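Shown below: data.csv, with CSV, C-alpha atoms.
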chain,number,residue,atom,x,y,z
A,1,MET,CA,161.5,-37.5,-78.5
A,2,PRO,CA,160.9,-41.2,-79.2
A,3,VAL,CA,159.9,-40.7,-82.9
A,4,GLU,CA,160.5,-37.8,-85.3
A,5,PHE,CA,159.2,-36.9,-88.7
A,6,LEU,CA,161.3,-35.3,-91.5
A,7,GLY,CA,159.7,-33.6,-94.5
A,8,ILE,CA,161.0,-31.8,-97.5
A,9,ALA,CA,161.8,-28.1,-97.9
A,10,ALA,CA,161.4,-27.7,-101.6
A,11,THR,CA,162.1,-24.3,-103.1
A,12,HIS,CA,159.4,-24.7,-105.8
A,13,ASP,CA,156.2,-26.7,-106.4
A,14,GLY,CA,157.5,-29.2,-109.0
A,15,SER,CA,157.8,-32.9,-108.4
A,16,GLU,CA,158.2,-36.1,-110.4
A,17,THR,CA,154.5,-35.9,-111.4
A,18,THR,CA,154.1,-32.1,-112.1
A,19,ALA,CA,156.3,-29.5,-113.7
A,20,ARG,CA,157.1,-26.5,-111.5
A,21,SER,CA,154.9,-23.4,-112.1
A,22,GLY,CA,157.6,-20.8,-111.6
A,23,GLY,CA,161.4,-20.4,-111.1
A,24,ALA,CA,163.7,-22.7,-109.2
A,25,PHE,CA,163.5,-20.5,-106.1
A,26,ASP,CA,160.0,-19.4,-105.3
A,27,LYS,CA,160.4,-17.6,-102.0
A,28,GLU,CA,156.7,-17.5,-101.1
A,29,TYR,CA,156.2,-21.2,-101.9
A,30,THR,CA,159.3,-22.1,-99.9
A,31,LEU,CA,158.0,-20.4,-96.8
A,32,ARG,CA,154.4,-21.7,-97.4
A,33,LEU,CA,155.6,-25.3,-97.6
A,34,ALA,CA,157.9,-25.0,-94.6
A,35,ARG,CA,155.1,-23.4,-92.5
A,36,ALA,CA,152.7,-26.2,-93.5
A,37,HIS,CA,155.2,-28.7,-92.0
A,38,GLU,CA,155.6,-26.6,-88.8
A,39,ASP,CA,151.8,-26.2,-88.4
A,40,HIS,CA,151.1,-29.9,-89.0
A,41,GLY,CA,153.3,-31.8,-86.6
A,42,TRP,CA,156.5,-32.3,-88.5
A,43,ASP,CA,159.8,-32.0,-86.6
A,44,ARG,CA,162.2,-30.9,-89.4
A,45,VAL,CA,162.6,-30.5,-93.1
A,46,LEU,CA,165.4,-31.3,-95.5
A,47,PHE,CA,167.0,-28.7,-97.7
A,48,ALA,CA,168.4,-30.9,-100.4
A,49,TYR,CA,171.4,-30.3,-102.6
A,50,GLY,CA,171.8,-30.4,-106.4
A,51,SER,CA,174.5,-29.1,-108.7
A,52,GLY,CA,172.3,-26.6,-110.4
A,53,SER,CA,169.7,-26.1,-107.7
A,54,PRO,CA,169.3,-23.0,-105.4
A,55,ASP,CA,171.9,-22.9,-102.6
A,56,PRO,CA,170.2,-24.7,-99.7
A,57,ALA,CA,172.1,-22.8,-96.9
A,58,PRO,CA,170.6,-19.3,-97.5
A,59,ALA,CA,167.2,-20.9,-98.2
A,60,ALA,CA,167.4,-22.6,-94.9
A,61,ALA,CA,168.5,-19.3,-93.2
A,62,TYR,CA,165.4,-17.6,-94.7
A,63,ILE,CA,163.1,-20.3,-93.3
A,64,ALA,CA,164.8,-20.4,-89.9
A,65,SER,CA,164.5,-16.7,-89.5
A,66,ARG,CA,160.7,-16.8,-90.1
A,67,LEU,CA,159.6,-20.0,-88.3
A,68,ASP,CA,160.0,-20.7,-84.6
A,69,ARG,CA,160.0,-24.4,-84.1
A,70,LEU,CA,160.7,-26.3,-87.4
A,71,GLN,CA,164.2,-27.8,-87.4
A,72,ILE,CA,166.5,-27.8,-90.4
A,73,LEU,CA,168.4,-30.6,-92.0
A,74,LEU,CA,170.9,-29.0,-94.4
A,75,ALA,CA,172.4,-31.1,-97.1
A,76,HIS,CA,176.0,-30.3,-98.0
A,77,ARG,CA,178.6,-31.8,-100.4
A,78,PRO,CA,182.2,-31.5,-99.3
A,79,ASN,CA,183.4,-30.8,-102.8
A,80,VAL,CA,181.8,-27.4,-103.0
A,81,SER,CA,183.6,-25.6,-100.2
A,82,TYR,CA,186.6,-25.8,-97.9
A,83,PRO,CA,185.7,-27.2,-94.4
A,84,THR,CA,186.9,-24.1,-92.6
A,85,PHE,CA,184.4,-22.0,-94.6
A,86,ALA,CA,181.6,-24.6,-94.3
A,87,ALA,CA,182.0,-24.9,-90.5
A,88,LYS,CA,181.5,-21.2,-90.1
A,89,THR,CA,178.4,-21.3,-92.4
A,90,PHE,CA,176.9,-24.1,-90.4
A,91,ALA,CA,177.6,-22.4,-87.0
A,92,THR,CA,176.1,-19.1,-88.3
A,93,LEU,CA,173.0,-20.9,-89.5
A,94,ASP,CA,172.7,-22.7,-86.1
A,95,GLN,CA,172.8,-19.3,-84.4
A,96,ILE,CA,170.2,-17.9,-86.8
A,97,SER,CA,167.9,-20.9,-86.1
A,98,GLU,CA,168.7,-20.9,-82.3
A,99,GLY,CA,170.0,-24.4,-82.3
A,100,ARG,CA,167.7,-26.1,-84.8
A,101,LEU,CA,170.3,-27.3,-87.3
A,102,THR,CA,171.5,-30.8,-88.4
A,103,VAL,CA,174.0,-31.1,-91.2
A,104,HIS,CA,173.6,-33.9,-93.8
A,105,PHE,CA,176.9,-34.7,-95.5
A,106,ILE,CA,176.6,-36.1,-99.0
A,107,THR,CA,179.6,-37.9,-100.5
A,108,GLY,CA,178.1,-38.2,-104.0
A,109,GLY,CA,177.3,-41.4,-105.7
A,110,ASN,CA,177.3,-40.3,-109.3
A,111,ASP,CA,180.5,-39.2,-111.2
A,112,HIS,CA,178.5,-37.2,-113.7
A,113,GLU,CA,176.7,-35.2,-111.1
A,114,GLN,CA,179.9,-34.6,-109.1
A,115,GLY,CA,181.7,-33.6,-112.2
A,116,ARG,CA,179.3,-30.8,-112.9
A,117,GLU,CA,180.9,-28.9,-110.1
A,118,GLY,CA,184.5,-29.9,-110.9
A,119,ASP,CA,184.7,-33.0,-108.6
A,120,THR,CA,186.9,-35.6,-110.3
A,121,LEU,CA,187.7,-37.9,-107.4
A,122,THR,CA,186.7,-41.5,-107.5
A,123,LYS,CA,183.9,-42.8,-105.2
A,124,ASP,CA,186.4,-44.3,-102.7
A,125,GLN,CA,188.4,-41.1,-102.7
A,126,ARG,CA,185.2,-39.1,-102.1
A,127,TYR,CA,184.3,-41.2,-99.0
A,128,ALA,CA,187.8,-40.7,-97.6
A,129,ARG,CA,187.5,-36.9,-98.2
A,130,THR,CA,184.0,-36.8,-96.6
A,131,ARG,CA,185.3,-38.5,-93.4
A,132,GLU,CA,188.2,-36.0,-93.2
A,133,TYR,CA,185.8,-33.1,-93.9
A,134,ILE,CA,183.4,-34.2,-91.1
A,135,GLN,CA,186.3,-34.6,-88.6
A,136,ILE,CA,187.5,-31.1,-89.4
A,137,VAL,CA,184.1,-29.5,-89.2
A,138,ARG,CA,183.5,-31.2,-85.8
A,139,LYS,CA,186.8,-30.0,-84.5
A,140,ILE,CA,186.2,-26.4,-85.6
A,141,TRP,CA,182.8,-26.4,-83.9
A,142,THR,CA,184.3,-27.5,-80.6
A,143,THR,CA,187.8,-26.0,-80.5
A,144,ARG,CA,188.5,-22.6,-79.1
A,145,GLU,CA,192.2,-22.5,-79.8
A,146,PRO,CA,194.0,-22.2,-83.2
A,147,PHE,CA,195.0,-25.5,-84.7
A,148,ASP,CA,196.8,-26.9,-87.8
A,149,HIS,CA,195.6,-29.7,-90.0
A,150,GLU,CA,197.7,-31.8,-92.4
A,151,GLY,CA,195.5,-34.4,-94.1
A,152,GLU,CA,195.1,-36.3,-97.3
A,153,HIS,CA,192.7,-33.8,-98.8
A,154,TYR,CA,193.0,-30.6,-96.6
A,155,ARG,CA,195.8,-28.6,-95.2
A,156,PHE,CA,195.6,-25.4,-93.2
A,157,HIS,CA,197.4,-23.7,-90.3
A,158,ASP,CA,196.6,-21.7,-87.2
A,159,PHE,CA,192.8,-21.7,-87.8
A,160,VAL,CA,190.2,-20.9,-85.2
A,161,SER,CA,186.6,-19.8,-85.8
A,162,ASP,CA,185.0,-16.8,-84.1
A,163,VAL,CA,181.5,-18.2,-84.5
A,164,PHE,CA,180.3,-21.3,-82.8
A,165,PRO,CA,177.0,-23.3,-83.0
A,166,ALA,CA,174.2,-22.4,-80.6
A,167,GLN,CA,173.9,-26.1,-79.8
A,168,GLN,CA,176.5,-27.5,-77.4
A,169,PRO,CA,178.7,-29.2,-77.9
A,170,ARG,CA,177.7,-29.2,-81.6
A,171,PRO,CA,174.9,-29.9,-84.1
A,172,ASP,CA,174.2,-33.5,-85.1
A,173,ILE,CA,175.8,-34.9,-88.2
A,174,SER,CA,173.7,-36.9,-90.7
A,175,PHE,CA,175.0,-39.3,-93.3
A,176,GLY,CA,173.5,-41.8,-95.8
A,177,GLY,CA,174.4,-44.5,-98.2
A,178,SER,CA,173.9,-48.2,-98.9
A,179,SER,CA,177.4,-49.4,-99.9
A,180,PRO,CA,180.1,-51.0,-97.6
A,181,ALA,CA,182.1,-47.8,-97.9
A,182,ALA,CA,179.1,-45.7,-96.8
A,183,TYR,CA,178.4,-47.9,-93.8
A,184,ALA,CA,182.0,-47.6,-92.8
A,185,ALA,CA,182.1,-43.8,-93.1
A,186,GLY,CA,178.7,-43.2,-91.6
A,187,GLY,CA,179.1,-45.8,-88.9
A,188,ALA,CA,182.2,-44.1,-87.7
A,189,GLU,CA,181.2,-40.4,-88.0
A,190,ALA,CA,177.4,-40.0,-88.1
A,191,ASP,CA,174.9,-39.2,-85.3
A,192,ILE,CA,172.1,-40.1,-87.7
A,193,TYR,CA,172.3,-42.7,-90.5
A,194,CYS,CA,169.8,-42.2,-93.4
A,195,LEU,CA,168.4,-45.0,-95.5
A,196,TRP,CA,165.9,-45.1,-98.4
A,197,GLY,CA,162.8,-47.2,-97.7
A,198,GLU,CA,163.3,-50.9,-98.5
A,199,PRO,CA,161.4,-54.0,-97.4
A,200,LEU,CA,161.6,-54.7,-93.7
A,201,GLU,CA,164.0,-57.6,-94.0
A,202,LYS,CA,166.5,-55.6,-96.1
A,203,THR,CA,166.2,-52.6,-93.8
A,204,ALA,CA,167.0,-54.8,-90.8
A,205,GLU,CA,170.1,-56.0,-92.7
A,206,GLN,CA,171.2,-52.4,-93.3
A,207,ILE,CA,170.7,-51.4,-89.7
A,208,GLU,CA,172.9,-54.3,-88.6
A,209,ALA,CA,175.6,-53.2,-91.1
A,210,VAL,CA,175.6,-49.7,-89.7
A,211,LYS,CA,175.8,-51.0,-86.1
A,212,ALA,CA,178.7,-53.3,-87.1
A,213,ALA,CA,180.5,-50.4,-88.7
A,214,ALA,CA,180.1,-48.2,-85.6
A,215,LYS,CA,181.4,-51.0,-83.5
A,216,ALA,CA,184.4,-51.6,-85.8
A,217,ALA,CA,185.2,-47.8,-85.6
A,218,GLY,CA,185.5,-48.2,-81.8
A,219,ARG,CA,182.2,-46.5,-80.9
A,220,THR,CA,180.2,-47.4,-77.8
A,221,ASP,CA,177.1,-45.8,-79.3
A,222,VAL,CA,175.3,-46.2,-82.6
A,223,PRO,CA,173.8,-43.7,-85.0
A,224,ARG,CA,170.1,-43.1,-84.9
A,225,ILE,CA,168.4,-44.6,-88.0
A,226,GLN,CA,166.3,-42.6,-90.4
A,227,VAL,CA,164.3,-44.2,-93.3
A,228,ALA,CA,162.6,-42.3,-96.1
A,229,PHE,CA,159.3,-43.1,-98.0
A,230,ARG,CA,156.9,-41.6,-100.5
A,231,PRO,CA,153.5,-42.0,-98.8
A,232,ILE,CA,150.4,-42.2,-101.0
A,233,ILE,CA,147.3,-42.0,-98.8
A,234,ALA,CA,143.5,-41.7,-99.4
A,235,PRO,CA,140.4,-42.3,-97.3
A,236,THR,CA,140.0,-45.9,-98.5
A,237,GLU,CA,142.4,-48.6,-99.7
A,238,GLU,CA,140.7,-48.6,-103.1
A,239,LEU,CA,141.1,-44.9,-103.5
A,240,ALA,CA,144.7,-45.1,-102.3
A,241,TRP,CA,145.7,-47.7,-104.9
A,242,GLU,CA,143.9,-45.7,-107.6
A,243,LYS,CA,145.9,-42.7,-106.6
A,244,ALA,CA,149.1,-44.7,-106.6
A,245,ARG,CA,148.4,-45.9,-110.2
A,246,ARG,CA,147.7,-42.3,-111.3
A,247,THR,CA,150.9,-41.2,-109.7
A,248,VAL,CA,153.0,-43.7,-111.7
A,249,GLY,CA,151.0,-42.8,-114.8
A,250,ALA,CA,151.9,-39.1,-114.3
A,251,ILE,CA,155.6,-40.0,-113.9
A,252,GLU,CA,155.6,-42.1,-117.0
A,253,ALA,CA,153.8,-39.4,-119.0
A,254,ARG,CA,156.4,-36.8,-118.1
A,255,LYS,CA,159.2,-39.2,-119.1
A,256,ALA,CA,157.5,-39.9,-122.4
A,257,SER,CA,157.3,-36.2,-123.1
A,258,GLY,CA,161.1,-35.9,-122.6
A,259,GLU,CA,161.0,-34.1,-119.2
A,260,SER,CA,163.4,-34.9,-116.4
A,261,VAL,CA,161.3,-36.3,-113.5
A,262,THR,CA,163.9,-35.9,-110.9
A,263,ARG,CA,165.2,-32.6,-109.4
A,264,ARG,CA,168.8,-33.7,-109.8
A,265,HIS,CA,168.8,-35.5,-113.2
A,266,THR,CA,172.2,-37.2,-113.6
A,267,GLY,CA,172.1,-37.7,-117.4
A,268,GLN,CA,172.7,-41.4,-117.0
A,269,ALA,CA,170.2,-44.3,-117.5
A,270,HIS,CA,172.0,-46.7,-115.1
A,271,PRO,CA,172.7,-45.3,-111.6
A,272,GLN,CA,176.1,-45.7,-110.1
A,273,ASN,CA,175.2,-45.4,-106.5
A,274,SER,CA,174.4,-48.5,-104.5
A,275,GLY,CA,171.2,-47.1,-103.0
A,276,SER,CA,169.5,-46.7,-106.4
A,277,GLN,CA,170.8,-50.0,-107.6
A,278,ARG,CA,169.2,-51.6,-104.6
A,279,LEU,CA,165.9,-49.9,-105.2
A,280,ILE,CA,165.9,-51.1,-108.9
A,281,ALA,CA,166.7,-54.6,-107.9
A,282,ILE,CA,163.9,-54.7,-105.3
A,283,ALA,CA,161.4,-53.3,-107.8
A,284,GLU,CA,162.5,-56.0,-110.4
A,285,ALA,CA,161.9,-58.7,-107.8
A,286,GLY,CA,158.4,-57.5,-106.9
A,287,GLU,CA,155.9,-54.7,-106.7
A,288,ARG,CA,154.5,-55.1,-103.2
A,289,TYR,CA,156.3,-55.9,-99.9
A,290,ASP,CA,155.2,-56.2,-96.3
A,291,ARG,CA,152.2,-54.2,-95.2
A,292,ALA,CA,152.2,-51.3,-97.7
A,293,LEU,CA,155.6,-50.9,-99.5
A,294,TRP,CA,155.1,-50.4,-103.3
A,295,THR,CA,158.0,-50.2,-105.7
A,296,PRO,CA,156.7,-49.0,-109.2
A,297,THR,CA,157.3,-45.4,-108.2
A,298,ALA,CA,161.0,-46.3,-107.7
A,299,ALA,CA,161.1,-48.3,-111.0
A,300,ALA,CA,159.5,-45.4,-112.9
A,301,THR,CA,162.2,-43.0,-111.8
A,302,GLY,CA,165.1,-45.4,-112.1
A,303,GLY,CA,165.6,-45.6,-108.4
A,304,ALA,CA,166.2,-41.9,-108.1
A,305,GLY,CA,166.6,-41.0,-104.5
A,306,ASN,CA,163.8,-41.6,-102.0
A,307,SER,CA,161.2,-43.2,-104.3
A,308,ASN,CA,159.6,-46.3,-102.8
A,309,ALA,CA,156.0,-45.6,-101.8
A,310,LEU,CA,153.8,-46.6,-98.8
A,311,VAL,CA,150.2,-47.0,-100.1
A,312,GLY,CA,147.0,-47.2,-98.2
A,313,THR,CA,144.7,-45.4,-95.8
A,314,PRO,CA,146.3,-43.2,-93.2
A,315,GLU,CA,145.9,-46.0,-90.7
A,316,THR,CA,147.6,-48.5,-93.0
A,317,VAL,CA,150.5,-46.3,-93.7
A,318,ALA,CA,150.8,-45.4,-90.0
A,319,GLN,CA,151.0,-49.1,-89.1
A,320,ALA,CA,153.6,-49.7,-91.8
A,321,LEU,CA,155.7,-46.9,-90.4
A,322,LEU,CA,155.4,-48.4,-86.9
A,323,ASP,CA,156.7,-51.7,-88.4
A,324,TYR,CA,159.9,-49.8,-89.2
A,325,TYR,CA,159.9,-48.1,-85.8
A,326,ASP,CA,159.8,-51.6,-84.2
A,327,LEU,CA,162.7,-52.5,-86.3
A,328,GLY,CA,164.9,-49.8,-84.8
A,329,VAL,CA,164.0,-46.7,-86.9
A,330,ASP,CA,163.1,-43.6,-85.0
A,331,ILE,CA,163.3,-40.9,-87.7
A,332,LEU,CA,160.7,-41.3,-90.4
A,333,SER,CA,161.2,-39.3,-93.6
A,334,ALA,CA,158.2,-38.7,-95.9
A,335,ARG,CA,157.5,-36.7,-99.0
A,336,GLY,CA,154.4,-36.9,-101.2
A,337,TYR,CA,154.1,-36.0,-104.9
A,338,ASP,CA,151.8,-33.0,-104.2
A,339,LEU,CA,154.4,-31.5,-101.9
A,340,LEU,CA,152.2,-29.0,-100.1
A,341,GLY,CA,148.9,-30.9,-100.0
A,342,ASP,CA,150.5,-34.2,-99.0
A,343,ALA,CA,152.5,-32.6,-96.3
A,344,ILE,CA,149.3,-31.3,-94.7
A,345,ASP,CA,147.4,-34.5,-95.2
A,346,PHE,CA,150.2,-36.7,-93.8
A,347,GLY,CA,150.6,-34.3,-90.8
A,348,ARG,CA,146.9,-34.3,-90.1
A,349,HIS,CA,146.1,-38.0,-90.6
A,350,VAL,CA,149.3,-40.1,-90.2
A,351,ILE,CA,151.7,-38.4,-87.8
A,352,PRO,CA,149.2,-38.3,-84.8
A,353,VAL,CA,148.4,-42.0,-85.2
A,354,VAL,CA,152.1,-42.9,-85.2
A,355,ARG,CA,152.9,-40.6,-82.2
A,356,GLU,CA,150.0,-42.0,-80.2
A,357,GLU,CA,150.9,-45.6,-80.8
A,358,VAL,CA,154.6,-45.0,-79.9
A,359,ALA,CA,153.5,-43.2,-76.7
A,360,LYS,CA,151.3,-46.2,-75.8
A,361,ARG,CA,154.2,-48.6,-76.4
A,362,ASP,CA,156.6,-46.6,-74.3
A,363,ALA,CA,154.0,-46.3,-71.5
A,364,GLU,CA,153.5,-50.1,-71.6
A,365,ARG,CA,157.2,-50.6,-71.4
A,366,ALA,CA,157.5,-48.2,-68.5
A,367,ALA,CA,154.7,-50.0,-66.7
A,368,ARG,CA,156.8,-53.2,-67.0
A,369,GLY,CA,159.9,-51.4,-65.7
A,370,ALA,CA,161.6,-51.4,-69.1
A,371,ARG,CA,163.2,-48.4,-70.8
A,372,PRO,CA,161.5,-46.8,-73.9
A,373,LEU,CA,162.5,-48.3,-77.2
A,374,ALA,CA,164.3,-45.1,-78.2
A,375,ALA,CA,166.5,-45.4,-75.2
A,376,VAL,CA,167.2,-49.1,-75.7
A,377,ARG,CA,168.5,-48.3,-79.2
A,378,ARG,CA,171.2,-46.1,-77.8

Could you render the structure from this file as structure tokens?
Amino acid sequence: MPVEFLGIAATHDGSETTARSGGAFDKEYTLRLARAHEDHGWDRVLFAYGSGSPDPAPAAAYIASRLDRLQILLAHRPNVSYPTFAAKTFATLDQISEGRLTVHFITGGNDHEQGREGDTLTKDQRYARTREYIQIVRKIWTTREPFDHEGEHYRFHDFVSDVFPAQQPRPDISFGGSSPAAYAAGGAEADIYCLWGEPLEKTAEQIEAVKAAAKAAGRTDVPRIQVAFRPIIAPTEELAWEKARRTVGAIEARKASGESVTRRHTGQAHPQNSGSQRLIAIAEAGERYDRALWTPTAAATGGAGNSNALVGTPETVAQALLDYYDLGVDILSARGYDLLGDAIDFGRHVIPVVREEVAKRDAERAARGARPLAAVRR
């Protein structure tokens, strides 16, 4: 598939603009939101991870057992379980989903959030641990004979799993980050490298950094690139910008009332992770970039996670996404502020436009005897 779309698999209806209406795990809403993605053209959804949030693995298993096509991106922090245990969990979930699993490994960019679950390693130590963890999980997925491991962070003997992934040889590994240490780890280990939405020029620089890291690690291929945005769409440009301003107003109102506007509040005003620092710096330098990128949503949340918006009509936002596709991005992540309604609207009005245009471009390249862009990137 030349272009893919990733949505969010939230376990409740709250967002930065609206407090949730019920508990942290609303089973009916979780299924309803996932089904909306499956029914409206999305390829996969992300089950995110937070120290106090519902466990994403059983939530993902619940959805995988009830939907037939939607793929799962499961976020996992290496500090919360031993790799032998995690590898079996992932393999079991891949069996439940009949081969629809990708695992997103999170190193953790904030000491406070990591410490909530007893993780006291420094950031550099966490990156080393994540690389070792991924290597172990990959080996468990693909090894049928018992083996020993003596590493910096993990030691075990005579281990072999009795459950293997449905996908052969294994599920894809996803990774993200915007620091040199992240590029080095993800460039070496990841099948998919995830970035937050930044201006085109800066995104191009990050893609080159990932490619260079992959080459430095001795790889002959490069990770696929995923970029995440917060789309704000409406039938006209004027209505879209009115909606964007209302969105920031709602975020600011919640902050003024003392509410946390992010799902994984860190308790710190100044983020430690490079990705959030970059988003804040970009917002301080300007509000609008390129065709439709808008930064006040990131500024309002302190650069918390995926927070830069794309604002405009569905056609404008689709063309903005195609600008990133032309840059070398072939997995587009999007999440609105009305999680359910925006997933449906984006699926109805943006995804078909992007897919149609990508198909046209690939057909034109084929007519000229050239390979599709997605193949060229490999």

Figure out the distance between CA of Gly50 (chain A) and CA of Glu16 (chain A), please, to one decimal in Å. 15.3 Å

Selected residue of minimal separation from Asp111 (chain A) among A:Ser179, A:Gln125, A:Gln319, A:Gln168, counting all atoms listed in the file: A:Gln125

Region 182-192 of chain A: which residues within 9 Å, counting all atoms listed in the file, same-chain residues fewer than 4 positions away excluded, as JSON, numbers by chain? {"A": [104, 107, 127, 128, 130, 131, 134, 135, 172, 173, 174, 175, 176, 177, 178, 206, 209, 210, 211, 212, 213, 214, 215, 216, 217, 218, 219, 222, 223, 224, 225, 226, 331]}

Between A:Arg100, A:Arg170, A:Arg77, A:Arg245, smallest distance to Arg126 (chain A) by only C-alpha atoms belongs to A:Arg77

In Å, rounded to a single decimal, give me how far CA of Val137 (chain A) is from CA of Ala181 (chain A). 20.4 Å

What's the 8 Å shell around Ala320 (chain A), counting only C-alpha atoms, without same-chain residues fewer than 5 positions away, as a list of chain:residue names?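 My list of contacting residues is A:Arg291, A:Ala292, A:Leu310.
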
Those residues with C-alpha atoms, as an mmCIF file, in the frame of the given file please?
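So the final result, stored in out-v6.cif, reads:
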data_model
loop_
_atom_site.group_PDB
_atom_site.id
_atom_site.type_symbol
_atom_site.label_atom_id
_atom_site.label_comp_id
_atom_site.auth_asym_id
_atom_site.auth_seq_id
_atom_site.Cartn_x
_atom_site.Cartn_y
_atom_site.Cartn_z
ATOM 1 C CA ARG A 291 152.200 -54.200 -95.200
ATOM 2 C CA ALA A 292 152.200 -51.300 -97.700
ATOM 3 C CA LEU A 310 153.800 -46.600 -98.800
#

One decimal, in Å: what's the spacing between CA of Leu239 (chain A) and CA of Gly336 (chain A)? 15.7 Å

Nearby residues (all atoms listed in the file) at most 12 Å from Phe25 (chain A), same-chain spacing under 3 positions excluded, as an MDAnalysis selection string: chainID A and resid 9:14 20:22 28:31 52:56 58:59 62

Give me the residues of region 163-240 of chain A that have any atom at most 10 Å from an atom of region 282-287 of chain A; for each, the nearest atom pair and the distance in Å, rounded to one decimal. Use only C-alpha atoms, sort by chain and number, and format it as JSON lines.
{"residue": "A:Glu198", "atom": "CA", "partner": "A:Ile282", "partner_atom": "CA", "distance": 7.8}
{"residue": "A:Pro199", "atom": "CA", "partner": "A:Ile282", "partner_atom": "CA", "distance": 8.3}
{"residue": "A:Lys202", "atom": "CA", "partner": "A:Ile282", "partner_atom": "CA", "distance": 9.6}

Around the point (154.1, -42.7, -104.4), in the coordinates given by the file, pick out the residues reaching within 6 Å, counting all atoms listed in the file, and return them as a tab-separated table (two decimals) with C-alpha atoms, keeping the file's coordinate frame.
chain	number	residue	atom	x	y	z
A	230	ARG	CA	156.90	-41.60	-100.50
A	231	PRO	CA	153.50	-42.00	-98.80
A	232	ILE	CA	150.40	-42.20	-101.00
A	244	ALA	CA	149.10	-44.70	-106.60
A	297	THR	CA	157.30	-45.40	-108.20
A	309	ALA	CA	156.00	-45.60	-101.80
